[in-house]
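Here's the structure we're looking at; comments come further down.
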Amino acid sequence: MDDYRKDQGRVTDPLLGAEIGYVIRHECKDREASQLWDVWQQYCAAQRAYRMRILGTTGEPKGAAIQMVPDAMQADTSMRVDMRSDDERDRQAVSGYMRWKGWLWCLTAAERGLIHHAERGTGKVLWGDGEPTKEGIATLDALKNLSERTKA
């Protein structure tokens with residue numbers, strides 16, 4: 001039964017939803033893995049917010065549109081309403097994006113490239129045959145350096 005619970009935990013592990021997450025999970029202890037994943041998620045969120053608010057694109061390929069029949073909807077009263085204006089949201093997207101750019105410029109050009117390609121999904125494979133690739137380990141090292149920069 002313990003093996004079953006352990007496997008269930010693996011299935012719901014958010015890190016296993018991305019290649020870099022596999023590398024993090026394989027190479028790092030739980031606390032460090034959690035910290036690195038948090039940094040990675042914040043970086044990706046800032047990049048996505050900037051692309052959507054300022055560039056007007058998600059940066060992801062568009063797929064075929066599927067017509068859907070709308071379901072009955074209810075309001076969730078526990079949700080918070082974002083009262084910021086569009087200008088305020090745009091400024092925050094730019095501010096977050098520039099903060100991450102500043103931290104990235106503290107890394108080497110190679111490390112910046114690894115982080116950028118991993119976020120965009122345009123780089124080499126990070127995980128293969130049940131273990132991290134050389135590119136995966138190098139990207140993890142770059143992410144560790146980026147994480148250190150965000151603490152300073």
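Each chain in the structure tokens gets a letter, A, B, ..., in the order shown, and its residues are numbered from 1; ligands are numbered from 1 in order too.
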What's around range 117-130 of chain A at 9 Å? Count only C-alpha atoms, leave out sequence neighbours fewer than 3 positions away in its own chain, and write the answer as a list in words. Glu19, Ile20, Tyr22, Val23, Trp40, Tyr43, Cys44, Gln47, Gly59, Glu60, Arg112, Gly113, Leu114, Thr133, Lys134, Glu135, Gly136, Ile137, Ala138 and Thr139 of chain A
key: Polymer residues at most 10 Å from Ala45 in chain A, only C-alpha atoms, same-chain spacing of 5 or more positions, as number ranges by chain   = A: 39-40, 50-51, 93, 96-97
Preceding selection exported with N, CA, C and O atoms as a PDB file, in the first residue's frame:
ATOM      1  N   VAL A  39      10.967  29.293  -8.450  1.00  0.00           N
ATOM      2  CA  VAL A  39      11.671  30.287  -9.267  1.00  0.00           C
ATOM      3  C   VAL A  39      11.308  30.104 -10.742  1.00  0.00           C
ATOM      4  O   VAL A  39      11.024  31.064 -11.452  1.00  0.00           O
ATOM      5  N   TRP A  40      11.308  28.855 -11.191  1.00  0.00           N
ATOM      6  CA  TRP A  40      10.980  28.557 -12.587  1.00  0.00           C
ATOM      7  C   TRP A  40       9.566  29.016 -12.924  1.00  0.00           C
ATOM      8  O   TRP A  40       9.339  29.638 -13.966  1.00  0.00           O
ATOM      9  N   TYR A  50       4.119  39.175 -19.849  1.00  0.00           N
ATOM     10  CA  TYR A  50       4.676  40.195 -20.747  1.00  0.00           C
ATOM     11  C   TYR A  50       4.252  39.938 -22.192  1.00  0.00           C
ATOM     12  O   TYR A  50       3.817  40.855 -22.891  1.00  0.00           O
ATOM     13  N   ARG A  51       4.379  38.687 -22.622  1.00  0.00           N
ATOM     14  CA  ARG A  51       3.997  38.371 -24.007  1.00  0.00           C
ATOM     15  C   ARG A  51       2.521  38.637 -24.253  1.00  0.00           C
ATOM     16  O   ARG A  51       2.140  39.169 -25.298  1.00  0.00           O
ATOM     17  N   ALA A  93       3.303  43.965 -15.692  1.00  0.00           N
ATOM     18  CA  ALA A  93       3.867  42.953 -16.592  1.00  0.00           C
ATOM     19  C   ALA A  93       5.261  43.373 -17.051  1.00  0.00           C
ATOM     20  O   ALA A  93       6.193  42.560 -17.060  1.00  0.00           O
ATOM     21  N   GLY A  96       7.749  43.207 -13.996  1.00  0.00           N
ATOM     22  CA  GLY A  96       8.155  41.834 -13.705  1.00  0.00           C
ATOM     23  C   GLY A  96       9.104  41.287 -14.745  1.00  0.00           C
ATOM     24  O   GLY A  96      10.112  40.645 -14.425  1.00  0.00           O
ATOM     25  N   TYR A  97       8.796  41.572 -15.995  1.00  0.00           N
ATOM     26  CA  TYR A  97       9.643  41.111 -17.108  1.00  0.00           C
ATOM     27  C   TYR A  97      11.038  41.725 -16.994  1.00  0.00           C
ATOM     28  O   TYR A  97      12.040  41.013 -17.128  1.00  0.00           O
TER      29      TYR A  97
END
Counting only C-alpha atoms, which of A:Gln92, A:Pro132, A:Val81, A:Ser147 gets nearest to Ser34 in chain A?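 With only C-alpha atoms as the atom set, the closest residue is A:Ser147.
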re CA of Pro14 in chain A and CA of Ser78 in chain A: distance 24.0 Å
Taken to one decimal, the CA of Asp90 in chain A-CA of Thr150 in chain A distance is 22.2 Å
re CA of Asn145 in chain A and CA of Val94 in chain A: distance 22.8 Å
Practice prompt. As an MDAnalysis selection string, list the residues of range 4-151 of chain A assigned to alpha helix (DSSP H) by DSSP on the backbone atoms of this structure.
Written response: chainID A and resid 4:11 19:27 30:50 86:104 109:120 134:151
